[in-house]
$ cat input_39.tsv   # TSV, N, CA and C atoms
chain	number	residue	atom	x	y	z
Q	73	MET	N	112.85	-32.70	-67.27
Q	73	MET	CA	112.75	-33.04	-65.86
Q	73	MET	C	112.41	-34.52	-65.73
Q	74	THR	N	112.91	-35.11	-64.69
Q	74	THR	CA	112.58	-36.51	-64.46
Q	74	THR	C	111.22	-36.61	-63.77
Q	75	VAL	N	110.68	-37.80	-63.79
Q	75	VAL	CA	109.38	-38.02	-63.16
Q	75	VAL	C	109.45	-37.71	-61.66
Q	76	THR	N	110.55	-38.05	-61.04
Q	76	THR	CA	110.70	-37.79	-59.61
Q	76	THR	C	110.67	-36.30	-59.31
Q	77	LYS	N	111.39	-35.52	-60.10
Q	77	LYS	CA	111.40	-34.08	-59.89
Q	77	LYS	C	110.00	-33.50	-60.12
Q	78	LEU	N	109.32	-33.97	-61.16
Q	78	LEU	CA	107.97	-33.49	-61.42
Q	78	LEU	C	107.01	-33.84	-60.29
Q	79	ALA	N	107.14	-35.06	-59.77
Q	79	ALA	CA	106.27	-35.48	-58.67
Q	79	ALA	C	106.53	-34.68	-57.41
Q	80	VAL	N	107.80	-34.45	-57.10
Q	80	VAL	CA	108.14	-33.66	-55.91
Q	80	VAL	C	107.63	-32.23	-56.07
Q	81	PHE	N	107.83	-31.65	-57.25
Q	81	PHE	CA	107.32	-30.30	-57.50
Q	81	PHE	C	105.80	-30.25	-57.37
Q	82	ALA	N	105.12	-31.27	-57.89
Q	82	ALA	CA	103.66	-31.31	-57.82
Q	82	ALA	C	103.19	-31.42	-56.36
Q	83	LEU	N	103.85	-32.24	-55.56
Q	83	LEU	CA	103.46	-32.37	-54.15
Q	83	LEU	C	103.71	-31.09	-53.36
Q	84	ILE	N	104.85	-30.46	-53.59
Q	84	ILE	CA	105.13	-29.19	-52.91
Q	84	ILE	C	104.12	-28.13	-53.37
Q	85	SER	N	103.81	-28.13	-54.65
Q	85	SER	CA	102.83	-27.18	-55.18
Q	85	SER	C	101.45	-27.44	-54.59
Q	86	LEU	N	101.12	-28.70	-54.38
Q	86	LEU	CA	99.83	-29.04	-53.79
Q	86	LEU	C	99.69	-28.42	-52.40
Q	87	ILE	N	100.73	-28.53	-51.60
Q	87	ILE	CA	100.70	-27.93	-50.26
Q	87	ILE	C	100.55	-26.41	-50.38
Q	88	PHE	N	101.31	-25.83	-51.28
Q	88	PHE	CA	101.23	-24.39	-51.51
Q	88	PHE	C	99.82	-23.98	-51.97
Q	89	LEU	N	99.25	-24.75	-52.89
Q	89	LEU	CA	97.90	-24.44	-53.40
Q	89	LEU	C	96.84	-24.59	-52.31
Q	90	MET	N	97.01	-25.57	-51.44
Q	90	MET	CA	96.06	-25.75	-50.34
Q	90	MET	C	96.10	-24.55	-49.40
Q	91	LEU	N	97.30	-24.04	-49.13
Q	91	LEU	CA	97.44	-22.85	-48.28
Q	91	LEU	C	96.82	-21.62	-48.94
Q	92	ILE	N	97.04	-21.48	-50.23
Q	92	ILE	CA	96.47	-20.34	-50.95
Q	92	ILE	C	94.95	-20.42	-50.93
Q	93	LYS	N	94.41	-21.61	-51.19
Q	93	LYS	CA	92.96	-21.77	-51.22
Q	93	LYS	C	92.34	-21.47	-49.86
Q	94	LYS	N	93.06	-21.81	-48.80
Q	94	LYS	CA	92.56	-21.57	-47.44
Q	94	LYS	C	92.50	-20.08	-47.12
Q	95	HIS	N	93.50	-19.32	-47.59
Q	95	HIS	CA	93.58	-17.91	-47.24
Q	95	HIS	C	93.01	-16.98	-48.31
Q	96	SER	N	93.10	-17.38	-49.57
Q	96	SER	CA	92.63	-16.52	-50.64
Q	96	SER	C	92.13	-17.39	-51.79
Q	97	SER	N	90.89	-17.79	-51.70
Q	97	SER	CA	90.37	-18.76	-52.66
Q	97	SER	C	90.30	-18.22	-54.09
Q	98	HIS	N	90.15	-16.91	-54.25
Q	98	HIS	CA	90.05	-16.38	-55.61
Q	98	HIS	C	91.38	-16.41	-56.35
Q	99	LEU	N	92.49	-16.51	-55.67
Q	99	LEU	CA	93.80	-16.63	-56.31
Q	99	LEU	C	94.21	-18.08	-56.56
Q	100	SER	N	93.49	-19.01	-56.01
Q	100	SER	CA	93.90	-20.41	-56.11
Q	100	SER	C	93.86	-20.91	-57.55
Q	101	ALA	N	92.88	-20.49	-58.35
Q	101	ALA	CA	92.81	-20.93	-59.74
Q	101	ALA	C	93.99	-20.40	-60.55
Q	102	VAL	N	94.38	-19.16	-60.30
Q	102	VAL	CA	95.52	-18.57	-61.01
Q	102	VAL	C	96.80	-19.29	-60.61
Q	103	ALA	N	96.96	-19.56	-59.33
Q	103	ALA	CA	98.15	-20.28	-58.86
Q	103	ALA	C	98.20	-21.69	-59.44
Q	104	GLU	N	97.03	-22.33	-59.52
Q	104	GLU	CA	96.96	-23.68	-60.09
Q	104	GLU	C	97.37	-23.67	-61.56
Q	105	LEU	N	96.92	-22.67	-62.30
Q	105	LEU	CA	97.33	-22.54	-63.70
Q	105	LEU	C	98.83	-22.32	-63.83
Q	106	ALA	N	99.40	-21.53	-62.92
Q	106	ALA	CA	100.84	-21.28	-62.95
Q	106	ALA	C	101.62	-22.58	-62.72
Q	107	VAL	N	101.17	-23.39	-61.79
Q	107	VAL	CA	101.83	-24.67	-61.52
Q	107	VAL	C	101.74	-25.57	-62.75
Q	108	ILE	N	100.58	-25.60	-63.39
Q	108	ILE	CA	100.40	-26.43	-64.59
Q	108	ILE	C	101.34	-25.98	-65.70
Q	109	VAL	N	101.47	-24.67	-65.90
Q	109	VAL	CA	102.38	-24.15	-66.93
Q	109	VAL	C	103.82	-24.56	-66.63
Q	110	ILE	N	104.22	-24.45	-65.37
Q	110	ILE	CA	105.59	-24.84	-65.00
Q	110	ILE	C	105.81	-26.33	-65.25
Q	111	LEU	N	104.82	-27.17	-64.92
Q	111	LEU	CA	104.94	-28.60	-65.18
Q	111	LEU	C	105.03	-28.89	-66.68
Q	112	LEU	N	104.24	-28.19	-67.47
Q	112	LEU	CA	104.29	-28.39	-68.92
Q	112	LEU	C	105.63	-27.97	-69.50
Q	113	ILE	N	106.18	-26.88	-69.00
Q	113	ILE	CA	107.51	-26.45	-69.45
Q	113	ILE	C	108.54	-27.50	-69.08
Q	114	GLY	N	108.35	-28.16	-67.95
Q	114	GLY	CA	109.28	-29.19	-67.50
Q	114	GLY	C	109.31	-30.42	-68.39
Q	115	ILE	N	108.20	-30.68	-69.12
Q	115	ILE	CA	108.18	-31.87	-69.97
Q	115	ILE	C	108.45	-31.56	-71.44
Q	116	LEU	N	108.73	-30.31	-71.77
Q	116	LEU	CA	108.99	-29.96	-73.17
Q	116	LEU	C	110.09	-30.80	-73.82
Q	117	PRO	N	111.22	-31.04	-73.16
Q	117	PRO	CA	112.24	-31.89	-73.81
Q	117	PRO	C	111.71	-33.30	-74.13
Q	118	ASP	N	110.90	-33.86	-73.25
Q	118	ASP	CA	110.33	-35.18	-73.51
Q	118	ASP	C	109.32	-35.12	-74.65
Q	119	PHE	N	108.61	-34.01	-74.76
Q	119	PHE	CA	107.65	-33.85	-75.84
Q	119	PHE	C	108.37	-33.76	-77.18
Q	120	LYS	N	109.51	-33.09	-77.19
Q	120	LYS	CA	110.30	-33.02	-78.42
Q	120	LYS	C	110.77	-34.42	-78.83
Q	121	ALA	N	111.15	-35.24	-77.87
Q	121	ALA	CA	111.56	-36.61	-78.16
Q	121	ALA	C	110.39	-37.42	-78.71
Q	122	LEU	N	109.20	-37.18	-78.18
Q	122	LEU	CA	108.01	-37.87	-78.68
Q	122	LEU	C	107.74	-37.48	-80.13
Q	123	LEU	N	107.83	-36.20	-80.44
Q	123	LEU	CA	107.62	-35.76	-81.82
Q	123	LEU	C	108.66	-36.35	-82.76
Q	124	SER	N	109.89	-36.44	-82.29
Q	124	SER	CA	110.94	-37.05	-83.11
Q	124	SER	C	110.64	-38.53	-83.37
Q	125	ALA	N	110.17	-39.23	-82.35
Q	125	ALA	CA	109.82	-40.65	-82.52
Q	125	ALA	C	108.65	-40.80	-83.48
Q	126	LEU	N	107.69	-39.90	-83.41
Q	126	LEU	CA	106.55	-39.96	-84.34
Q	126	LEU	C	106.99	-39.70	-85.77
Q	127	ARG	N	107.94	-38.79	-85.96
Q	127	ARG	CA	108.48	-38.55	-87.30
Q	127	ARG	C	109.18	-39.80	-87.82
Q	128	ASP	N	109.92	-40.49	-86.94
Q	128	ASP	CA	110.60	-41.72	-87.34
Q	128	ASP	C	109.59	-42.80	-87.74
Q	129	ILE	N	108.52	-42.92	-86.95
Q	129	ILE	CA	107.47	-43.89	-87.27
Q	129	ILE	C	106.84	-43.54	-88.60
Q	130	ASN	N	106.60	-42.26	-88.82
Q	130	ASN	CA	105.97	-41.81	-90.05
Q	130	ASN	C	106.85	-42.12	-91.26
Q	131	SER	N	108.16	-42.00	-91.13
Q	131	SER	CA	109.05	-42.25	-92.26
Q	131	SER	C	109.19	-43.74	-92.56
Q	132	VAL	N	109.00	-44.59	-91.56
Q	132	VAL	CA	109.18	-46.03	-91.75
Q	132	VAL	C	107.89	-46.71	-92.20
Q	133	THR	N	106.76	-46.25	-91.69
Q	133	THR	CA	105.49	-46.91	-91.99
Q	133	THR	C	104.73	-46.16	-93.06
Q	134	ALA	N	103.64	-46.76	-93.47
Q	134	ALA	CA	102.78	-46.15	-94.48
Q	134	ALA	C	101.71	-45.26	-93.86
Q	135	VAL	N	101.81	-45.00	-92.56
Q	135	VAL	CA	100.83	-44.16	-91.89
Q	135	VAL	C	101.03	-42.72	-92.34
Q	136	SER	N	99.96	-42.09	-92.76
Q	136	SER	CA	100.02	-40.72	-93.23
Q	136	SER	C	100.33	-39.77	-92.07
Q	137	SER	N	101.06	-38.72	-92.38
Q	137	SER	CA	101.36	-37.73	-91.33
Q	137	SER	C	100.09	-37.02	-90.89
Q	138	ASP	N	99.09	-36.95	-91.78
Q	138	ASP	CA	97.81	-36.33	-91.39
Q	138	ASP	C	97.14	-37.13	-90.28
Q	139	VAL	N	97.26	-38.45	-90.33
Q	139	VAL	CA	96.67	-39.29	-89.29
Q	139	VAL	C	97.36	-39.03	-87.95
Q	140	LEU	N	98.68	-38.97	-87.97
Q	140	LEU	CA	99.41	-38.70	-86.73
Q	140	LEU	C	99.10	-37.30	-86.20
Q	141	LYS	N	98.99	-36.33	-87.09
Q	141	LYS	CA	98.65	-34.97	-86.66
Q	141	LYS	C	97.26	-34.95	-86.04
Q	142	THR	N	96.33	-35.68	-86.64
Q	142	THR	CA	94.97	-35.72	-86.11
Q	142	THR	C	94.96	-36.38	-84.74
Q	143	MET	N	95.72	-37.46	-84.57
Q	143	MET	CA	95.80	-38.13	-83.27
Q	143	MET	C	96.35	-37.19	-82.21
Q	144	LEU	N	97.44	-36.48	-82.55
Q	144	LEU	CA	98.03	-35.56	-81.59
Q	144	LEU	C	97.09	-34.40	-81.27
Q	145	LYS	N	96.37	-33.92	-82.29
Q	145	LYS	CA	95.43	-32.82	-82.06
Q	145	LYS	C	94.30	-33.27	-81.13
Q	146	ALA	N	93.76	-34.46	-81.38
Q	146	ALA	CA	92.68	-34.98	-80.51
Q	146	ALA	C	93.20	-35.20	-79.09
Q	147	PHE	N	94.41	-35.73	-78.97
Q	147	PHE	CA	95.01	-35.93	-77.64
Q	147	PHE	C	95.18	-34.60	-76.92
Q	148	ALA	N	95.66	-33.59	-77.64
Q	148	ALA	CA	95.85	-32.27	-77.02
Q	148	ALA	C	94.52	-31.67	-76.59
Q	149	ILE	N	93.51	-31.79	-77.44
Q	149	ILE	CA	92.18	-31.26	-77.09
Q	149	ILE	C	91.66	-31.93	-75.84
Q	150	LEU	N	91.75	-33.26	-75.79
Q	150	LEU	CA	91.24	-33.99	-74.64
Q	150	LEU	C	92.03	-33.69	-73.37
Q	151	THR	N	93.34	-33.55	-73.50
Q	151	THR	CA	94.17	-33.29	-72.33
Q	151	THR	C	93.93	-31.89	-71.77
Q	152	VAL	N	93.97	-30.89	-72.64
Q	152	VAL	CA	93.75	-29.51	-72.18
Q	152	VAL	C	92.34	-29.35	-71.62
Q	153	GLY	N	91.37	-29.93	-72.31
Q	153	GLY	CA	89.99	-29.86	-71.83
Q	153	GLY	C	89.81	-30.56	-70.49
Q	154	GLY	N	90.47	-31.69	-70.32
Q	154	GLY	CA	90.39	-32.42	-69.04
Q	154	GLY	C	90.99	-31.63	-67.89
Q	155	VAL	N	92.13	-30.99	-68.15
Q	155	VAL	CA	92.76	-30.18	-67.11
Q	155	VAL	C	91.88	-28.98	-66.77
Q	156	ALA	N	91.35	-28.32	-67.80
Q	156	ALA	CA	90.48	-27.16	-67.56
Q	156	ALA	C	89.23	-27.59	-66.79
Q	157	SER	N	88.68	-28.74	-67.14
Q	157	SER	CA	87.51	-29.25	-66.44
Q	157	SER	C	87.83	-29.57	-64.99
Q	158	ASP	N	88.98	-30.16	-64.74
Q	158	ASP	CA	89.39	-30.46	-63.37
Q	158	ASP	C	89.57	-29.18	-62.54
Q	159	ILE	N	90.13	-28.15	-63.16
Q	159	ILE	CA	90.29	-26.88	-62.46
Q	159	ILE	C	88.93	-26.30	-62.11
Q	160	CYS	N	87.99	-26.36	-63.06
Q	160	CYS	CA	86.63	-25.88	-62.77
Q	160	CYS	C	86.01	-26.66	-61.62
Q	161	ARG	N	86.16	-27.97	-61.66
Q	161	ARG	CA	85.58	-28.81	-60.61
Q	161	ARG	C	86.23	-28.54	-59.26
Q	162	ASP	N	87.56	-28.32	-59.24
Q	162	ASP	CA	88.26	-28.01	-57.99
Q	162	ASP	C	87.78	-26.72	-57.36
Q	163	ASN	N	87.30	-25.81	-58.21
Q	163	ASN	CA	86.84	-24.52	-57.72
Q	163	ASN	C	85.33	-24.46	-57.56
Q	164	GLY	N	84.69	-25.63	-57.50
Q	164	GLY	CA	83.27	-25.71	-57.19
Q	164	GLY	C	82.33	-25.47	-58.35
Q	165	GLU	N	82.85	-25.40	-59.56
Q	165	GLU	CA	82.02	-25.16	-60.74
Q	165	GLU	C	81.77	-26.48	-61.47
Q	166	ASN	N	80.98	-27.34	-60.86
Q	166	ASN	CA	80.72	-28.67	-61.42
Q	166	ASN	C	79.93	-28.62	-62.72
Q	167	ALA	N	78.94	-27.73	-62.81
Q	167	ALA	CA	78.15	-27.63	-64.03
Q	167	ALA	C	79.01	-27.18	-65.20
Q	168	LEU	N	79.85	-26.18	-64.97
Q	168	LEU	CA	80.75	-25.69	-66.01
Q	168	LEU	C	81.72	-26.79	-66.44
Q	169	ALA	N	82.21	-27.56	-65.47
Q	169	ALA	CA	83.13	-28.65	-65.78
Q	169	ALA	C	82.45	-29.70	-66.67
Q	170	GLY	N	81.20	-30.03	-66.36
Q	170	GLY	CA	80.48	-31.01	-67.16
Q	170	GLY	C	80.24	-30.53	-68.58
Q	171	VAL	N	79.85	-29.26	-68.73
Q	171	VAL	CA	79.63	-28.71	-70.07
Q	171	VAL	C	80.94	-28.67	-70.84
Q	172	LEU	N	82.02	-28.28	-70.18
Q	172	LEU	CA	83.33	-28.23	-70.82
Q	172	LEU	C	83.76	-29.61	-71.29
Q	173	GLU	N	83.54	-30.63	-70.49
Q	173	GLU	CA	83.89	-32.00	-70.90
Q	173	GLU	C	83.11	-32.41	-72.14
Q	174	THR	N	81.83	-32.07	-72.21
Q	174	THR	CA	81.02	-32.41	-73.38
Q	174	THR	C	81.53	-31.68	-74.62
Q	175	ILE	N	81.83	-30.40	-74.48
Q	175	ILE	CA	82.35	-29.63	-75.61
Q	175	ILE	C	83.67	-30.20	-76.10
Q	176	VAL	N	84.54	-30.58	-75.18
Q	176	VAL	CA	85.84	-31.14	-75.53
Q	176	VAL	C	85.68	-32.45	-76.30
Q	177	LYS	N	84.75	-33.28	-75.87
Q	177	LYS	CA	84.51	-34.55	-76.57
Q	177	LYS	C	84.00	-34.30	-77.98
Q	178	ILE	N	83.11	-33.33	-78.14
Q	178	ILE	CA	82.61	-32.99	-79.48
Q	178	ILE	C	83.74	-32.48	-80.36
Q	179	LEU	N	84.60	-31.62	-79.81
Q	179	LEU	CA	85.74	-31.12	-80.58
Q	179	LEU	C	86.70	-32.23	-80.98
Q	180	ALA	N	86.95	-33.17	-80.09
Q	180	ALA	CA	87.85	-34.29	-80.40
Q	180	ALA	C	87.28	-35.15	-81.51
Q	181	ILE	N	85.98	-35.41	-81.43
Q	181	ILE	CA	85.34	-36.21	-82.48
Q	181	ILE	C	85.37	-35.46	-83.81
Q	182	SER	N	85.09	-34.16	-83.76
Q	182	SER	CA	85.05	-33.38	-85.01
Q	182	SER	C	86.41	-33.30	-85.68
Q	183	CYS	N	87.49	-33.28	-84.91
Q	183	CYS	CA	88.80	-33.23	-85.55
Q	183	CYS	C	89.19	-34.59	-86.12
Q	184	ALA	N	88.56	-35.66	-85.65
Q	184	ALA	CA	88.87	-37.00	-86.15
Q	184	ALA	C	88.00	-37.40	-87.33
Q	185	ILE	N	86.98	-36.63	-87.65
Q	185	ILE	CA	86.07	-37.00	-88.74
Q	185	ILE	C	86.78	-37.14	-90.09
Q	186	PRO	N	87.69	-36.24	-90.48
Q	186	PRO	CA	88.37	-36.44	-91.77
Q	186	PRO	C	89.13	-37.77	-91.86
Q	187	THR	N	89.79	-38.15	-90.78
Q	187	THR	CA	90.50	-39.42	-90.77
Q	187	THR	C	89.52	-40.59	-90.86
Q	188	PHE	N	88.45	-40.51	-90.10
Q	188	PHE	CA	87.42	-41.55	-90.14
Q	188	PHE	C	86.82	-41.66	-91.54
Q	189	THR	N	86.57	-40.54	-92.18
Q	189	THR	CA	86.03	-40.53	-93.55
Q	189	THR	C	87.02	-41.18	-94.51
Q	190	ALA	N	88.29	-40.86	-94.39
Q	190	ALA	CA	89.31	-41.45	-95.27
Q	190	ALA	C	89.37	-42.96	-95.10
Q	191	VAL	N	89.28	-43.43	-93.86
Q	191	VAL	CA	89.29	-44.88	-93.61
Q	191	VAL	C	88.07	-45.53	-94.23
Q	192	LEU	N	86.91	-44.90	-94.07
Q	192	LEU	CA	85.68	-45.45	-94.67
Q	192	LEU	C	85.77	-45.50	-96.19
Q	193	MET	N	86.28	-44.44	-96.79
Q	193	MET	CA	86.42	-44.40	-98.26
Q	193	MET	C	87.38	-45.48	-98.74
Q	194	THR	N	88.47	-45.68	-98.03
Q	194	THR	CA	89.42	-46.73	-98.38
Q	194	THR	C	88.78	-48.10	-98.27
Q	195	ALA	N	88.02	-48.32	-97.20
Q	195	ALA	CA	87.34	-49.60	-97.01
Q	195	ALA	C	86.30	-49.83	-98.12
Q	196	LEU	N	85.57	-48.82	-98.48
Q	196	LEU	CA	84.59	-48.96	-99.56
Q	196	LEU	C	85.26	-49.24	-100.89
Q	197	THR	N	86.38	-48.58	-101.13
Q	197	THR	CA	87.13	-48.83	-102.38
Q	197	THR	C	87.62	-50.27	-102.43
Q	198	LEU	N	88.11	-50.79	-101.32
Q	198	LEU	CA	88.59	-52.17	-101.27
Q	198	LEU	C	87.44	-53.15	-101.45
Q	199	LEU	N	86.29	-52.84	-100.91
Q	199	LEU	CA	85.12	-53.73	-101.05
Q	199	LEU	C	84.61	-53.76	-102.48
Q	200	GLU	N	84.72	-52.65	-103.23
Q	200	GLU	CA	84.26	-52.60	-104.60
Q	200	GLU	C	85.15	-53.40	-105.54
Q	201	GLN	N	86.38	-53.61	-105.18
Q	201	GLN	CA	87.30	-54.33	-106.07
Q	201	GLN	C	87.09	-55.78	-106.01

$ encode --input "input_39.tsv" --output "structure tokens"
Amino acid sequence: MTVTKLAVFALISLIFLMLIKKHSSHLSAVAELAVIVILLIGILPDFKALLSALRDINSVTAVSSDVLKTMLKAFAILTVGGVASDICRDNGENALAGVLETIVKILAISCAIPTFTAVLMTALTLLEQ
């Protein structure tokens, strides 16, 4: 989907979600999740192109595929956690949103620790020489 189509769909969905929230607030979170899933399905072809570009970068450069996988995993954790936190906040659960954001940050850092350790070990090896 193009950006224009995604934006138009998001705006129409926003109006729909506002109407749902006004008449049936307990269904608004489910409807919001449905809209998010539809938007994510709409960008799948672009995501495949991104993965292909990352494979090309990986084959040309000396960057390890583990580093790229870790970056993508941290990005996915932060993105999904941010969306979930926003949904919680939209539904009046500010405390839950704050705790979720903290947990997501800890998870992102924890998945990056092996890469950080490898960089430190490489730097220490270079300093010893």

$ closest_residue --input "input_39.tsv" --among "Q:Val80, Q:Ala156, Q:Leu122, Q:Ile181" --to "Ala169 (chain Q)" --atoms "all atoms listed in the file"
Q:Ala156

$ closest_residue --input "input_39.tsv" --among "Q:Leu123, Q:Val191, Q:Ile115, Q:Val152" --to "Thr74 (chain Q)" --atoms "only N, CA and C atoms"
Q:Ile115

$ atom_distance --input "input_39.tsv" --atom1 "atom C of Lys145 (chain Q)" --atom2 "atom C of Lys177 (chain Q)"
10.8 Å

$ atom_distance --input "input_39.tsv" --atom1 "CA of Asp128 (chain Q)" --atom2 "CA of Leu140 (chain Q)"
11.6 Å

$ atom_distance --input "input_39.tsv" --atom1 "CA of Leu86 (chain Q)" --atom2 "CA of Ala101 (chain Q)"
12.3 Å

$ closest_residue --input "input_39.tsv" --among "Q:Ser182, Q:Gln201, Q:Thr194, Q:Ser96" --to "Met143 (chain Q)" --atoms "only C-alpha atoms"
Q:Ser182

$ residues_around --input "input_39.tsv" --residues "Lys141 (chain Q)" --least-positions-apart "4" --cutoff "12 Å" --atoms "only C-alpha atoms" --output "list in words"
Leu123, Leu126, Arg127, Asn130, Val135, Ser136, Ser137, Lys145, Ala146, Phe147, Ala148, Cys183, Ala184, Pro186 and Thr187 of chain Q

$ closest_residue --input "input_39.tsv" --among "Q:Ser157, Q:Asp138, Q:Asn163, Q:Leu116" --to "Met90 (chain Q)" --atoms "only C-alpha atoms"
Q:Asn163

$ residues_around --input "input_39.tsv" --residues "Gly114 (chain Q)" --least-positions-apart "5" --cutoff "8 Å" --atoms "all atoms listed in the file" --output "compact mmCIF listing (two decimals) with N, CA and C atoms, keeping the file's coordinate frame"
# COMPACT_ATOMS: atom_id res chain seq x y z
N MET Q 73 112.85 -32.70 -67.27
CA MET Q 73 112.75 -33.04 -65.86
C MET Q 73 112.41 -34.52 -65.73
N THR Q 74 112.91 -35.11 -64.69
CA THR Q 74 112.58 -36.51 -64.46
C THR Q 74 111.22 -36.61 -63.77
N LEU Q 78 109.32 -33.97 -61.16
CA LEU Q 78 107.97 -33.49 -61.42
C LEU Q 78 107.01 -33.84 -60.29
N ILE Q 108 100.58 -25.60 -63.39
CA ILE Q 108 100.40 -26.43 -64.59
C ILE Q 108 101.34 -25.98 -65.70
N VAL Q 109 101.47 -24.67 -65.90
CA VAL Q 109 102.38 -24.15 -66.93
C VAL Q 109 103.82 -24.56 -66.63
N PHE Q 119 108.61 -34.01 -74.76
CA PHE Q 119 107.65 -33.85 -75.84
C PHE Q 119 108.37 -33.76 -77.18

$ closest_residue --input "input_39.tsv" --among "Q:Glu173, Q:Asp118, Q:Glu200, Q:Glu104" --to "Gly154 (chain Q)" --atoms "only N, CA and C atoms"
Q:Glu173
